[in-house]
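To start, the structure itself, in structure tokens.
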Amino acid sequence: MNKSRTPTFAKFLVSYMVVLLLPFLVVWFFLYAHFERVQTEQVYGSALNDLNQMKNIIESNINETYNMAARIAAEEELSPHYLQEFYHVYRSQKLLNYTTDNEFFYNVTYYVRNTDYMYSARTTYTLPIYYQLHAYKNWSYSEFASDINELKHPVLRPSEEAVIDGRNENVVTYLVPIPNNSASPYGTAVFTIREQSVRELFAPMVGEEGGDVVILDAGGRVVMSMADTSYVAEGVPEQLLPESGKQLVQPWQDGDRRLIVASNHSGETGWTFIRFVSAEQLMSPISKLRERSTVIFVLILVLGSAIVYSMMYMNYNPVKALKLQFQDVKGRLDKQRELNLPALQQYFARGLLKGKFDSRAMFNASAVEAGMTLRSASYYVIVLQWDPGGVNEAFLSSDYAKQWLAVLTEQEEGYYVEIFEHYKLALIVSEPAEACTRAGWESRHLTVFNRTNVQVAIGLGNPYRELSDIGKSYFEASTALQHRWIKGNHSVIMYREIDRDQPAITWYPQQELELLTASIKQGSTKAILSSVEACLDNIKRNSSSLFMARSLCYEVVNTLLKTVIAVQPNRLQSVVLPGVLSLTDLETFDKLEQTVMDISEEVCAQLSAAIEDTPSQDADKLLQAIYEYIGQRYCSYDFSVQRMAEHLSLSSKYVSSYFKERSGQTVSEYVNEMRLAKAKELLRTTNKRIQDVVMAVGFSDSSSFIRKFKQEVRLTPGEYRRLHAR
């Protein structure tokens with residue numbers, strides 16, 4: 001009978017204990033909060049009372065200065081005409097001692113304006129001697145003399161360093177005109193207050209480390225600080241200042257120190273009194289109450305927990321074994337799910353690219369098991385492609401994709417798709433359409449490059465609001481990526497920025513190729529390589545399509561080989577050119593540019609070797625001398641074959657026939673070719689008049705120049721300039 005009732009009894013016992021314990025805890029918390037509030041009010045009230053007491057003492061002594069000034073003004077023997085005799089000066093010391101009998105002030109000095117003396121109960125000073133004895137650090141003598149002679153209303157100087165009894169101390173100086181509130185005061189009372197005396201008077205209020213009492217005047221300047229804390233140096237925060245005529249007490253955090261700040265604004269003087277007290281010092285009674293309450297609460301909690309645990313162990317021990325078994329099965333399933341999660345995510349990501357999901361809700365419902373969701377209403381695809389030579393064998397595209405996902409913001413979702421093509425990766429990004437900017441992706445591009453040191457080209461498709469259009473964005477990103485051939489293998493290419501129309505051929509490097517031909521005929525390998533570099537640079541800058549850039553690069557190679565063979569027939573060894581399969585590997589303009597430069601360097605090397613192997617070395621030197629002479633003087637009006645022959649110590653007939661035989665041109669044809677090339681350059685790059693261009697290139701008159709120019713170029717000089725102006 002008892003055995004059958006014990007489990008039921010225990011369950012009911014625990015239930016009743018919980019019902020009884022819960023109200024007890026609620027009541028206990030309310031009582032604790034009440035006692036803490038009462039104690040806090042008492043502590044805050046005590047802080048304000050101490051501050052009010054200090055305020056009353058300070059205000060009482062400030063008011064006393066007015067009374068002293070009034071008594072000095074009332075004493076006839078302290079009037080200006082009385083103090084003109086030495087005997088009256090002696091009596092004034094006794095009167096001042098009686099009139100200014102207040103220990104709060106270190107010294108009270110009376111000065112009759114526009115005279116040389118200051119009087120105190122101790123002695124009489126001349127104005128310079130008084131200033132020298134006190135040596136104010138921040139009060140110059142001229143300011144001192146001006147203040148005591150001209151002030152109309154009481155003036156308070158905040159605490160500053162001065163000399164008192166031969167020692168440097170901080171003092172507060174209060175100047176009161178005599179008579180006070182008079183339009184024409186005849187004297188000034190100087191009240192000197194030692195800061196140390198005030199500190200000793202109010203030392204109990206400062207308390208432990210971090211405590212301070214600060215007095216601000218009506219203008220917010222610090223009159224005095226009892227402890228020289230950082231609040232004075234950095235300025236008292238405005239939130240600690242009460243309204244006019246009111247008082248305030250509040251907690252305040254100063255770095256790692258917790259303080260209680262009591263402040264009181266005097267409506268009588270306009271001064272503000274602020275007291276900083278360590279919270280630990282002021283709130284120690286509350287801290288003790290909190291500690292004791294916490295101990296009691298913890299004891300009750302531990303005891304109650306032990307009882308509850310014991311009861312639950314007795315009642316739920318059989319269920320525990322079943323729960324552990326379920327957890328073991330769940331753990332194995334979760335582990336298997338984690339292993340299959342990447343493949344599952346790839347399945348859903350590829351489904352997005354293929355347009356299998358018509359709406360965001362449909363995708364989120366299907367992909368929730370893979371941990372994939374799309375929150376934004378705009379989607380786009382980016383395709384990444386990196387140089388296989390720029391990564392090591394341990395490089396994993398999945399790890400690289402995570403680097404890109406890591407630079408997305410919290411408002412963005414991103415998922416990667418492994419593409420079957422080598423060295424490619426796609427990212428599906430969900431974010432607001434306005435966030436898809438070149439600047440944003442260039443910044444991310446730089447961040448990932450700094451982390452991985454992998455150069456990658458990025459193609460960005462347009463953002464779409466329909467989930468079924470993600471496949472279209474993927475196609476656009478792949479199309480944009482193809483322009484890395486011109487943009488470079490480490491660039492960001494947006495589909496909306498590329499020119500998708502078939503561009504017209506508006507530019508051809510005719511002048512650059514002509515200069516290349518002339519350089520080859522001169523036989524200067526340095527000039528040849530420089531011309532090739534100039535051609536490639538202009539092709540890269542002016543090409544409007546992939547096809548145009550490739551074709552013009554091939555044209556440079558064709559011009560190079562054709563001209564070299566024409567100049568050195570049967571003497572140039574065969575140059576190894578890249579095969580068709582090699583050309584398919586040239587995925588960027590930079591690689592094609594390097595290939596063209598390699599061919600050019602090899603051709604120049606073969607050309608140099610052919611020139612060196614030529615038996616008639618003296619003849620080659622003569623040809624070089626002719627080229628050099630023409631290159632230096634072809635723009636001169638007086639250029640002629642006769643002058644050149646005289647310079648070379650040869651006959652003009654021999655020079656003409658020799659040049660024709662070696663170059664395939666007459667001297668006149670070559671000179672005209674050089675002059676026209678120079679004229680084209682000046683027309684393209686300068687704003688000189690046609691007449692100035694004619695003179696610059698050595699033609700005798702404009703008509704002959706224009707006729708030859710049109711015969712060669714099929715355009716007049718003016719038409720040529722308008723067509724090629726930059």
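All residue names refer to the structure tokens as shown: chains lettered A, B, ... in order, residues numbered from 1 in each chain, ligands numbered from 1 in order.
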Exercise for review: Can you list, as a ChimeraX atom specification, all residues belonging to range 411-520 of chain A that DSSP tags as alpha helix (DSSP H)?
Suggested key: /A:438-452,470-481,484-487,510-520
Practice item. Fewer than 5 positions away in the same chain doesn't count, so skip those; otherwise give me all residues within 6 Å of range 144-158 of chain A, counting only C-alpha atoms, as a PyMOL selection string. Key: chain A and resi 113+172-176+188+223
Study note, to complete from the structure: Across A:Ala74, A:Val249, A:Ile419, A:Ala135, the smallest distance to Gln42 in chain A, with only C-alpha atoms counted, is shown by A:Val249
Review point. What is the distance between CA of Asn538 in chain A and CA of Asp598 in chain A, in Å to one decimal?
Key: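 Going from CA of Asn538 in chain A over to CA of Asp598 in chain A, I get 18.2 Å.
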Check your understanding: Which residues, written as a list in words, have at least one atom at most 7 Å from Pro432 in chain A, with only C-alpha atoms counted and residues fewer than 5 positions away on the same chain left out?
Key ->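 Contacts, with the query itself left out: Ser376, Ala377 and Ser378 of chain A.
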Residues as selected, N, CA and C atoms, written as a compact mmCIF listing (two decimals), in the first residue's frame, can you do that?
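Dumped to selection_3.txt:
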```
# COMPACT_ATOMS: atom_id res chain seq x y z
N SER A 376 16.58 38.84 -49.29
CA SER A 376 16.44 40.03 -50.14
C SER A 376 15.62 39.71 -51.38
N ALA A 377 15.10 40.77 -51.98
CA ALA A 377 14.24 40.60 -53.16
C ALA A 377 14.98 40.83 -54.46
N SER A 378 16.30 40.84 -54.43
CA SER A 378 17.10 41.05 -55.64
C SER A 378 18.23 40.04 -55.65
```
**Study point:** Contacts of Arg675 in chain A within 8 Å, only C-alpha atoms, excl. fewer than 6 positions in-chain, as a count of residues only
**Key:** 4
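Ranking A:Thr686, A:Leu676, A:Glu661, A:His483 by their shortest atom-to-atom distance to Lys708 in chain A, with only C-alpha atoms included, puts A:Leu676 first.
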Review point. Please, what distance in Å, to one decimal, runs between CA of Trp139 in chain A and CA of Ile215 in chain A?
Key: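 CA of Trp139 in chain A sits 20.4 Å away from CA of Ile215 in chain A.
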Check your understanding: So which residues touch Ser600 in chain A within 8 Å, counting only C-alpha atoms, skipping near sequence neighbours fewer than 4 positions away, as an MDAnalysis selection string?
Key -> chainID A and resid 529 532 557 560 596 604
Review point. Quick one: residues within 12 Å of Tyr554 in chain A, only C-alpha atoms counted, chain neighbours fewer than 5 positions away excluded, as a VMD selection string?
Key: chain A and resid 532 535 to 536 539 547 to 549 559 to 561 577 to 578 583 592 to 593 595 to 597 599 to 600
Take the residues from that selection and write them out as a PDB file, in the first residue's frame, keeping N, CA and C atoms.
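Saved as again20.pdb:
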```pdb
ATOM      1  N   VAL A 532      57.135  48.642 -81.301  1.00  0.00           N
ATOM      2  CA  VAL A 532      56.199  47.544 -81.011  1.00  0.00           C
ATOM      3  C   VAL A 532      55.454  47.821 -79.708  1.00  0.00           C
ATOM      4  N   CYS A 535      52.785  50.404 -80.312  1.00  0.00           N
ATOM      5  CA  CYS A 535      51.642  49.813 -81.024  1.00  0.00           C
ATOM      6  C   CYS A 535      50.738  49.053 -80.061  1.00  0.00           C
ATOM      7  N   LEU A 536      51.342  48.199 -79.227  1.00  0.00           N
ATOM      8  CA  LEU A 536      50.553  47.382 -78.303  1.00  0.00           C
ATOM      9  C   LEU A 536      49.823  48.244 -77.287  1.00  0.00           C
ATOM     10  N   ILE A 539      46.857  49.761 -79.028  1.00  0.00           N
ATOM     11  CA  ILE A 539      45.844  48.727 -79.306  1.00  0.00           C
ATOM     12  C   ILE A 539      45.038  48.440 -78.049  1.00  0.00           C
ATOM     13  N   PHE A 547      37.763  40.795 -80.736  1.00  0.00           N
ATOM     14  CA  PHE A 547      38.201  40.449 -82.086  1.00  0.00           C
ATOM     15  C   PHE A 547      39.159  41.507 -82.644  1.00  0.00           C
ATOM     16  N   MET A 548      38.835  42.772 -82.427  1.00  0.00           N
ATOM     17  CA  MET A 548      39.679  43.854 -82.945  1.00  0.00           C
ATOM     18  C   MET A 548      41.061  43.820 -82.298  1.00  0.00           C
ATOM     19  N   ALA A 549      41.127  43.596 -80.981  1.00  0.00           N
ATOM     20  CA  ALA A 549      42.418  43.571 -80.289  1.00  0.00           C
ATOM     21  C   ALA A 549      43.291  42.431 -80.804  1.00  0.00           C
ATOM     22  N   THR A 559      53.423  42.889 -89.906  1.00  0.00           N
ATOM     23  CA  THR A 559      54.226  44.022 -90.385  1.00  0.00           C
ATOM     24  C   THR A 559      55.691  43.840 -90.024  1.00  0.00           C
ATOM     25  N   LEU A 560      55.927  43.361 -88.817  1.00  0.00           N
ATOM     26  CA  LEU A 560      57.299  43.161 -88.354  1.00  0.00           C
ATOM     27  C   LEU A 560      58.035  42.162 -89.244  1.00  0.00           C
ATOM     28  N   LEU A 561      57.426  40.983 -89.446  1.00  0.00           N
ATOM     29  CA  LEU A 561      58.093  39.934 -90.221  1.00  0.00           C
ATOM     30  C   LEU A 561      58.224  40.330 -91.690  1.00  0.00           C
ATOM     31  N   LEU A 577      57.179  30.623 -84.401  1.00  0.00           N
ATOM     32  CA  LEU A 577      55.931  31.293 -84.046  1.00  0.00           C
ATOM     33  C   LEU A 577      55.042  30.338 -83.262  1.00  0.00           C
ATOM     34  N   PRO A 578      54.163  30.877 -82.379  1.00  0.00           N
ATOM     35  CA  PRO A 578      53.274  30.002 -81.599  1.00  0.00           C
ATOM     36  C   PRO A 578      52.273  29.295 -82.489  1.00  0.00           C
ATOM     37  N   LEU A 583      47.861  29.522 -79.205  1.00  0.00           N
ATOM     38  CA  LEU A 583      47.065  30.749 -79.261  1.00  0.00           C
ATOM     39  C   LEU A 583      45.774  30.626 -78.466  1.00  0.00           C
ATOM     40  N   LEU A 592      48.898  37.849 -74.600  1.00  0.00           N
ATOM     41  CA  LEU A 592      49.148  38.049 -76.026  1.00  0.00           C
ATOM     42  C   LEU A 592      50.212  39.128 -76.234  1.00  0.00           C
ATOM     43  N   GLU A 593      50.152  40.180 -75.432  1.00  0.00           N
ATOM     44  CA  GLU A 593      51.154  41.247 -75.520  1.00  0.00           C
ATOM     45  C   GLU A 593      52.550  40.691 -75.260  1.00  0.00           C
ATOM     46  N   THR A 595      53.512  37.612 -75.715  1.00  0.00           N
ATOM     47  CA  THR A 595      53.882  36.752 -76.843  1.00  0.00           C
ATOM     48  C   THR A 595      54.404  37.583 -78.014  1.00  0.00           C
ATOM     49  N   VAL A 596      53.722  38.694 -78.321  1.00  0.00           N
ATOM     50  CA  VAL A 596      54.169  39.568 -79.414  1.00  0.00           C
ATOM     51  C   VAL A 596      55.541  40.149 -79.108  1.00  0.00           C
ATOM     52  N   MET A 597      55.754  40.554 -77.845  1.00  0.00           N
ATOM     53  CA  MET A 597      57.061  41.106 -77.469  1.00  0.00           C
ATOM     54  C   MET A 597      58.154  40.044 -77.577  1.00  0.00           C
ATOM     55  N   ILE A 599      58.196  37.495 -79.689  1.00  0.00           N
ATOM     56  CA  ILE A 599      58.485  37.344 -81.123  1.00  0.00           C
ATOM     57  C   ILE A 599      59.343  38.507 -81.608  1.00  0.00           C
ATOM     58  N   SER A 600      59.005  39.727 -81.157  1.00  0.00           N
ATOM     59  CA  SER A 600      59.757  40.910 -81.595  1.00  0.00           C
ATOM     60  C   SER A 600      61.202  40.832 -81.135  1.00  0.00           C
TER      61      SER A 600
END
```
Check your understanding: What is the CA of Glu466 in chain A-CA of Tyr379 in chain A distance in Å, reported with one decimal?
Key ->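 Atom-to-atom, CA of Glu466 in chain A to CA of Tyr379 in chain A, that is 7.8 Å.
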Review point. Using only C-alpha atoms, which residue out of A:Asn67, A:Phe348, A:Thr685, A:Ile528 lies closest to Ala365 in chain A?
Key: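 For Ala365 in chain A, the nearest of the candidates is A:Phe348.
Using only C-alpha atoms, the protein and nucleic acid residues lying no more than 10 Å from His265 in chain A, apart from those fewer than 4 places from it along its own chain, are A:Asn52, A:Lys55, A:Ile215, A:Leu216, A:Asp217, A:Ala218, A:Leu241, A:Pro242, A:Glu243, A:Ser244, A:Gly245, A:Lys246, A:Gln247, A:Leu248, A:Thr269, A:Gly270, A:Trp271, A:Thr272, A:Phe273, A:Ile274.
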I need the residues from that last selection saved to file as a short mmCIF file (atom, residue, chain, number, x, y, z; two decimals), in the first residue's frame (with C-alpha atoms), if you can.
```
data_model
loop_
_atom_site.label_atom_id
_atom_site.label_comp_id
_atom_site.auth_asym_id
_atom_site.auth_seq_id
_atom_site.Cartn_x
_atom_site.Cartn_y
_atom_site.Cartn_z
CA ASN A 52 24.60 71.94 0.95
CA LYS A 55 27.70 75.57 -0.15
CA ILE A 215 33.39 74.71 -7.35
CA LEU A 216 32.40 76.44 -10.61
CA ASP A 217 31.69 80.16 -10.88
CA ALA A 218 28.73 81.64 -12.75
CA LEU A 241 25.33 70.23 -14.01
CA PRO A 242 21.92 70.96 -12.44
CA GLU A 243 19.49 73.63 -13.54
CA SER A 244 19.61 77.09 -12.01
CA GLY A 245 18.84 77.06 -8.29
CA LYS A 246 18.38 73.27 -8.19
CA GLN A 247 20.31 70.27 -6.93
CA LEU A 248 20.98 66.89 -8.49
CA THR A 269 25.83 83.58 -6.35
CA GLY A 270 25.33 81.60 -9.58
CA TRP A 271 28.04 79.18 -8.45
CA THR A 272 27.79 75.40 -8.87
CA PHE A 273 29.08 73.00 -6.22
CA ILE A 274 29.82 69.46 -7.39
#
```
